[in-house]
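Right, one structure below, let's go through it.
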Amino acid sequence: MKLDFLPLDKLTVSRINMRARGKAPVVTDILPSIRARGVLVPLIVRPAPAGDLYEIVAGLRRYTSAALVAQENGGTDPLPAAIIDPGDDAAALRPRFWKTSPDSPP
């Protein structure tokens with residue numbers, strides 16, 4: 001895994017992201033914090049199969065909030081991202097279980 005900062009236009013939503021289906025995620029609870037401080041917790045991403053984009057595996061609400069702030073302000077700083085290996089579905093799926101398992105790590 002590698003840590004980096006990625007611009008919004010290099011990010012796309014992965015089909016395995018648990019919030020990717022249906023309507024946009026509700027972000028009213030985190031939007032004030034993102035407006036005030038930006039995104040502090042890295043998104044988990046992996047290289048997209050084609051092009052120079054990255055798929056968001058976890059962190060869609062943070063991404064959506066940052067995109068809204070970018071619309072309001074005419075831009076935003078690059079977002080912190082933990083980049084996992086391409087095609088590593090086990091690592092890509094692990095964050096989904098952290099959020100939904102009663103035994104989730106703190």
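Chain identifiers are assigned as A, B, and so on, following the order in which chains appear in the structure tokens; residues are numbered from 1 within each chain, and ligands are numbered from 1 in order of appearance.
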Write out as a CSV table (one decimal) with all heavy atoms, in the first residue's frame the residues lying within 12 Å of Ala24 (chain A), counting only C-alpha atoms and excluding same-chain residues fewer than 6 positions away.
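Contents of part-v1.csv, as written:
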```
chain,number,residue,atom,x,y,z
A,13,VAL,N,-15.6,5.9,-8.9
A,13,VAL,CA,-16.2,5.0,-7.9
A,13,VAL,C,-16.1,3.5,-8.4
A,13,VAL,O,-16.5,3.2,-9.5
A,13,VAL,CB,-17.7,5.3,-7.6
A,13,VAL,CG1,-18.2,4.3,-6.5
A,13,VAL,CG2,-17.8,6.7,-7.1
A,18,MET,N,-19.5,-0.4,-1.6
A,18,MET,CA,-20.8,-0.8,-1.0
A,18,MET,C,-21.8,0.4,-1.1
A,18,MET,O,-23.0,0.1,-1.1
A,18,MET,CB,-20.7,-1.2,0.4
A,18,MET,CG,-20.2,-0.2,1.4
A,18,MET,SD,-20.0,-0.9,3.0
A,18,MET,CE,-21.1,0.0,4.0
A,60,LEU,N,-16.4,6.8,-0.2
A,60,LEU,CA,-17.3,7.5,-1.1
A,60,LEU,C,-18.0,8.7,-0.5
A,60,LEU,O,-18.1,9.8,-1.1
A,60,LEU,CB,-18.4,6.6,-1.7
A,60,LEU,CG,-19.3,7.2,-2.7
A,60,LEU,CD1,-18.5,7.7,-3.9
A,60,LEU,CD2,-20.3,6.2,-3.2
A,61,ARG,N,-18.3,8.7,0.8
A,61,ARG,CA,-19.0,9.8,1.5
A,61,ARG,C,-18.0,11.0,1.6
A,61,ARG,O,-18.3,12.1,1.4
A,61,ARG,CB,-19.5,9.4,2.8
A,61,ARG,CG,-20.8,8.6,2.7
A,61,ARG,CD,-21.4,8.0,4.0
A,61,ARG,NE,-20.9,8.6,5.2
A,61,ARG,CZ,-21.5,9.5,6.0
A,61,ARG,NH1,-22.6,10.0,5.6
A,61,ARG,NH2,-21.0,9.9,7.1
A,62,ARG,N,-16.7,10.7,1.9
A,62,ARG,CA,-15.7,11.7,2.0
A,62,ARG,C,-15.5,12.3,0.6
A,62,ARG,O,-15.3,13.5,0.4
A,62,ARG,CB,-14.4,11.1,2.5
A,62,ARG,CG,-14.4,10.9,4.0
A,62,ARG,CD,-13.3,10.2,4.5
A,62,ARG,NE,-13.7,8.7,4.4
A,62,ARG,CZ,-12.8,7.7,4.3
A,62,ARG,NH1,-11.5,7.9,4.2
A,62,ARG,NH2,-13.3,6.5,4.2
A,63,TYR,N,-15.4,11.5,-0.4
A,63,TYR,CA,-15.2,11.9,-1.8
A,63,TYR,C,-16.4,12.8,-2.2
A,63,TYR,O,-16.2,13.9,-2.8
A,63,TYR,CB,-15.1,10.7,-2.7
A,63,TYR,CG,-15.2,11.1,-4.2
A,63,TYR,CD1,-14.2,11.6,-4.9
A,63,TYR,CD2,-16.4,10.8,-4.9
A,63,TYR,CE1,-14.3,12.0,-6.2
A,63,TYR,CE2,-16.5,11.1,-6.2
A,63,TYR,CZ,-15.5,11.7,-6.9
A,63,TYR,OH,-15.6,12.0,-8.2
A,64,THR,N,-17.6,12.4,-2.0
A,64,THR,CA,-18.8,13.1,-2.3
A,64,THR,C,-18.8,14.5,-1.6
A,64,THR,O,-19.1,15.5,-2.2
A,64,THR,CB,-20.1,12.3,-2.0
A,64,THR,OG1,-20.0,11.1,-2.7
A,64,THR,CG2,-21.3,13.1,-2.4
A,65,SER,N,-18.5,14.5,-0.3
A,65,SER,CA,-18.4,15.8,0.4
A,65,SER,C,-17.3,16.7,-0.2
A,65,SER,O,-17.6,17.9,-0.4
A,65,SER,CB,-18.0,15.5,1.9
A,65,SER,OG,-19.1,14.8,2.5
A,67,ALA,N,-16.3,16.7,-3.2
A,67,ALA,CA,-16.7,17.2,-4.5
A,67,ALA,C,-17.7,18.3,-4.4
A,67,ALA,O,-17.7,19.3,-5.1
A,67,ALA,CB,-17.4,16.0,-5.3
A,68,LEU,N,-18.6,18.2,-3.4
A,68,LEU,CA,-19.6,19.3,-3.1
A,68,LEU,C,-18.8,20.6,-2.7
A,68,LEU,O,-19.1,21.7,-3.1
A,68,LEU,CB,-20.5,18.9,-2.0
A,68,LEU,CG,-21.6,17.9,-2.4
A,68,LEU,CD1,-22.4,17.4,-1.2
A,68,LEU,CD2,-22.5,18.4,-3.5
```
- Message: With only C-alpha atoms as the counted atoms, please give the residues lying no more than 12 Å from Asp52 (chain A), apart from itself and same-chain residues fewer than 2 positions off, as an NGL selection string.
- Response: :A and (6-7 or 9-12 or 46-50 or 54-55)
Written file, previous selection with N, CA and C atoms, as a CSV table (one decimal), in the first residue's frame:
```
chain,number,residue,atom,x,y,z
A,6,LEU,N,-4.4,12.6,-4.3
A,6,LEU,CA,-5.0,12.5,-5.6
A,6,LEU,C,-6.0,13.6,-5.9
A,7,PRO,N,-6.0,14.2,-7.1
A,7,PRO,CA,-7.0,15.2,-7.4
A,7,PRO,C,-8.3,14.5,-7.7
A,9,ASP,N,-10.4,14.8,-10.0
A,9,ASP,CA,-10.7,14.3,-11.4
A,9,ASP,C,-9.9,13.0,-11.8
A,10,LYS,N,-9.1,12.5,-10.9
A,10,LYS,CA,-8.4,11.2,-11.1
A,10,LYS,C,-9.1,10.1,-10.4
A,11,LEU,N,-10.3,10.4,-9.7
A,11,LEU,CA,-11.0,9.4,-8.9
A,11,LEU,C,-12.3,9.0,-9.6
A,12,THR,N,-12.6,7.8,-9.5
A,12,THR,CA,-13.9,7.2,-9.9
A,12,THR,C,-14.4,6.2,-8.9
A,46,ARG,N,-7.7,2.0,-5.6
A,46,ARG,CA,-6.8,1.1,-6.4
A,46,ARG,C,-6.8,1.6,-7.8
A,47,PRO,N,-5.7,1.4,-8.5
A,47,PRO,CA,-5.7,1.8,-9.9
A,47,PRO,C,-6.8,1.2,-10.7
A,48,ALA,N,-7.4,2.0,-11.6
A,48,ALA,CA,-8.5,1.5,-12.4
A,48,ALA,C,-7.9,0.7,-13.5
A,49,PRO,N,-8.6,-0.2,-14.1
A,49,PRO,CA,-8.1,-1.1,-15.1
A,49,PRO,C,-7.5,-0.4,-16.4
A,50,ALA,N,-8.2,0.7,-16.7
A,50,ALA,CA,-7.7,1.5,-17.9
A,50,ALA,C,-7.5,2.9,-17.5
A,54,TYR,N,-8.1,6.2,-10.6
A,54,TYR,CA,-8.1,5.4,-9.4
A,54,TYR,C,-9.6,5.1,-9.0
A,55,GLU,N,-9.9,3.9,-8.6
A,55,GLU,CA,-11.2,3.5,-8.2
A,55,GLU,C,-11.3,3.7,-6.7
```
- Task: Would you kindly return, as a PyMOL selection string, each protein, DNA or RNA residue with an atom no farther than 12 Å from any atom of Arg37 (chain A), considering only C-alpha atoms and excluding same-chain residues fewer than 6 positions away?
- Result: chain A and resi 30-31+62+65-66+69+76-77+79
Please, could you write that set of residues out with N, CA, C and O atoms as a CSV table (one decimal), in the first residue's frame?
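The resulting result-v2.csv:
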```
chain,number,residue,atom,x,y,z
A,30,ILE,N,-21.2,14.8,7.7
A,30,ILE,CA,-19.8,15.0,7.6
A,30,ILE,C,-19.4,16.3,6.8
A,30,ILE,O,-18.3,16.7,6.8
A,31,LEU,N,-20.3,16.8,6.0
A,31,LEU,CA,-20.0,18.0,5.2
A,31,LEU,C,-19.5,19.2,5.9
A,31,LEU,O,-18.5,19.8,5.5
A,62,ARG,N,-16.7,10.7,1.9
A,62,ARG,CA,-15.7,11.7,2.0
A,62,ARG,C,-15.5,12.3,0.6
A,62,ARG,O,-15.3,13.5,0.4
A,65,SER,N,-18.5,14.5,-0.3
A,65,SER,CA,-18.4,15.8,0.4
A,65,SER,C,-17.3,16.7,-0.2
A,65,SER,O,-17.6,17.9,-0.4
A,66,ALA,N,-16.2,16.1,-0.5
A,66,ALA,CA,-15.1,17.0,-1.1
A,66,ALA,C,-15.5,17.5,-2.5
A,66,ALA,O,-15.2,18.7,-2.8
A,69,VAL,N,-17.8,20.5,-1.8
A,69,VAL,CA,-17.0,21.6,-1.4
A,69,VAL,C,-16.3,22.2,-2.6
A,69,VAL,O,-16.2,23.4,-2.7
A,76,THR,N,-10.6,22.2,-5.0
A,76,THR,CA,-10.3,21.7,-3.7
A,76,THR,C,-8.9,21.1,-3.8
A,76,THR,O,-8.3,20.9,-4.8
A,77,ASP,N,-8.3,20.9,-2.6
A,77,ASP,CA,-7.0,20.3,-2.5
A,77,ASP,C,-7.1,18.8,-2.9
A,77,ASP,O,-8.2,18.2,-2.8
A,79,LEU,N,-7.0,14.9,-2.5
A,79,LEU,CA,-7.5,14.1,-1.3
A,79,LEU,C,-6.5,13.0,-0.9
A,79,LEU,O,-5.8,12.4,-1.8
```
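Proximity of A:Asp4, A:Val26, A:Ser14, A:Arg35 to Val57 (chain A), computed with only C-alpha atoms, is greatest for A:Ser14.
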- Message: For the structure I just gave you, how does DSSP split region 26-87 of chain A - specifically, which residues are strand (DSSP E)? Reply as a PyMOL selection string.
- Response: chain A and resi 43-47+54-58+79-83
Export of the given selection (all heavy atoms) as a short mmCIF file (atom, residue, chain, number, x, y, z; two decimals), in the first residue's frame:
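Listing of part01.cif after writing:
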```
data_model
loop_
_atom_site.label_atom_id
_atom_site.label_comp_id
_atom_site.auth_asym_id
_atom_site.auth_seq_id
_atom_site.Cartn_x
_atom_site.Cartn_y
_atom_site.Cartn_z
N LEU A 43 -8.92 8.08 1.60
CA LEU A 43 -9.78 7.18 0.85
C LEU A 43 -8.96 5.93 0.57
O LEU A 43 -7.72 5.99 0.50
CB LEU A 43 -10.18 7.79 -0.49
CG LEU A 43 -10.77 9.20 -0.51
CD1 LEU A 43 -11.00 9.64 -1.94
CD2 LEU A 43 -12.03 9.26 0.29
N ILE A 44 -9.61 4.80 0.39
CA ILE A 44 -8.91 3.59 -0.05
C ILE A 44 -9.23 3.42 -1.53
O ILE A 44 -10.41 3.34 -1.91
CB ILE A 44 -9.32 2.36 0.77
CG1 ILE A 44 -8.96 2.59 2.23
CG2 ILE A 44 -8.65 1.10 0.23
CD1 ILE A 44 -9.38 1.50 3.17
N VAL A 45 -8.19 3.44 -2.34
CA VAL A 45 -8.36 3.38 -3.79
C VAL A 45 -7.43 2.32 -4.37
O VAL A 45 -6.51 1.85 -3.71
CB VAL A 45 -8.07 4.75 -4.44
CG1 VAL A 45 -8.97 5.84 -3.87
CG2 VAL A 45 -6.61 5.17 -4.29
N ARG A 46 -7.71 2.00 -5.62
CA ARG A 46 -6.81 1.13 -6.38
C ARG A 46 -6.78 1.63 -7.81
O ARG A 46 -7.74 2.27 -8.26
CB ARG A 46 -7.23 -0.33 -6.30
CG ARG A 46 -8.54 -0.63 -6.98
CD ARG A 46 -8.89 -2.09 -6.82
NE ARG A 46 -10.15 -2.39 -7.49
CZ ARG A 46 -10.70 -3.57 -7.51
NH1 ARG A 46 -10.12 -4.59 -6.91
NH2 ARG A 46 -11.83 -3.76 -8.14
N PRO A 47 -5.71 1.37 -8.54
CA PRO A 47 -5.66 1.81 -9.93
C PRO A 47 -6.81 1.20 -10.73
O PRO A 47 -7.12 0.02 -10.59
CB PRO A 47 -4.31 1.28 -10.43
CG PRO A 47 -3.49 1.12 -9.19
CD PRO A 47 -4.46 0.72 -8.12
N TYR A 54 -8.14 6.24 -10.57
CA TYR A 54 -8.15 5.37 -9.40
C TYR A 54 -9.59 5.12 -8.99
O TYR A 54 -10.41 6.04 -8.99
CB TYR A 54 -7.38 6.01 -8.24
CG TYR A 54 -5.91 6.11 -8.50
CD1 TYR A 54 -5.38 7.21 -9.16
CD2 TYR A 54 -5.05 5.11 -8.10
CE1 TYR A 54 -4.03 7.31 -9.42
CE2 TYR A 54 -3.69 5.20 -8.35
CZ TYR A 54 -3.19 6.30 -9.01
OH TYR A 54 -1.85 6.39 -9.26
N GLU A 55 -9.90 3.88 -8.64
CA GLU A 55 -11.24 3.50 -8.19
C GLU A 55 -11.33 3.66 -6.68
O GLU A 55 -10.46 3.19 -5.94
CB GLU A 55 -11.53 2.04 -8.50
CG GLU A 55 -11.56 1.70 -9.96
CD GLU A 55 -11.84 0.22 -10.19
OE1 GLU A 55 -11.43 -0.63 -9.37
OE2 GLU A 55 -12.47 -0.08 -11.21
N ILE A 56 -12.40 4.29 -6.21
CA ILE A 56 -12.62 4.45 -4.78
C ILE A 56 -13.26 3.17 -4.26
O ILE A 56 -14.37 2.82 -4.63
CB ILE A 56 -13.54 5.64 -4.48
CG1 ILE A 56 -12.92 6.92 -5.01
CG2 ILE A 56 -13.81 5.74 -2.97
CD1 ILE A 56 -13.87 8.10 -5.02
N VAL A 57 -12.52 2.47 -3.42
CA VAL A 57 -13.01 1.24 -2.80
C VAL A 57 -13.75 1.56 -1.51
O VAL A 57 -14.80 1.00 -1.22
CB VAL A 57 -11.83 0.27 -2.53
CG1 VAL A 57 -12.28 -0.95 -1.75
CG2 VAL A 57 -11.16 -0.11 -3.84
N ALA A 58 -13.24 2.50 -0.74
CA ALA A 58 -13.88 2.95 0.50
C ALA A 58 -13.61 4.44 0.65
O ALA A 58 -12.51 4.91 0.36
CB ALA A 58 -13.33 2.19 1.69
N LEU A 79 -7.02 14.86 -2.49
CA LEU A 79 -7.49 14.07 -1.35
C LEU A 79 -6.45 13.04 -0.94
O LEU A 79 -5.80 12.43 -1.80
CB LEU A 79 -8.79 13.36 -1.71
CG LEU A 79 -9.94 14.25 -2.17
CD1 LEU A 79 -11.17 13.40 -2.45
CD2 LEU A 79 -10.25 15.31 -1.15
N PRO A 80 -6.31 12.80 0.37
CA PRO A 80 -5.40 11.75 0.81
C PRO A 80 -5.96 10.39 0.41
O PRO A 80 -7.17 10.16 0.49
CB PRO A 80 -5.37 11.91 2.33
CG PRO A 80 -6.66 12.58 2.68
CD PRO A 80 -7.01 13.44 1.50
N ALA A 81 -5.08 9.51 -0.05
CA ALA A 81 -5.53 8.20 -0.51
C ALA A 81 -4.51 7.12 -0.16
O ALA A 81 -3.30 7.33 -0.29
CB ALA A 81 -5.75 8.22 -2.02
N ALA A 82 -5.03 5.99 0.29
CA ALA A 82 -4.22 4.79 0.48
C ALA A 82 -4.45 3.96 -0.78
O ALA A 82 -5.57 3.53 -1.05
CB ALA A 82 -4.65 4.04 1.73
N ILE A 83 -3.40 3.76 -1.55
CA ILE A 83 -3.50 3.07 -2.83
C ILE A 83 -3.12 1.61 -2.65
O ILE A 83 -1.97 1.30 -2.29
CB ILE A 83 -2.61 3.73 -3.89
CG1 ILE A 83 -2.96 5.22 -4.01
CG2 ILE A 83 -2.75 3.02 -5.23
CD1 ILE A 83 -1.98 6.03 -4.84
#
```
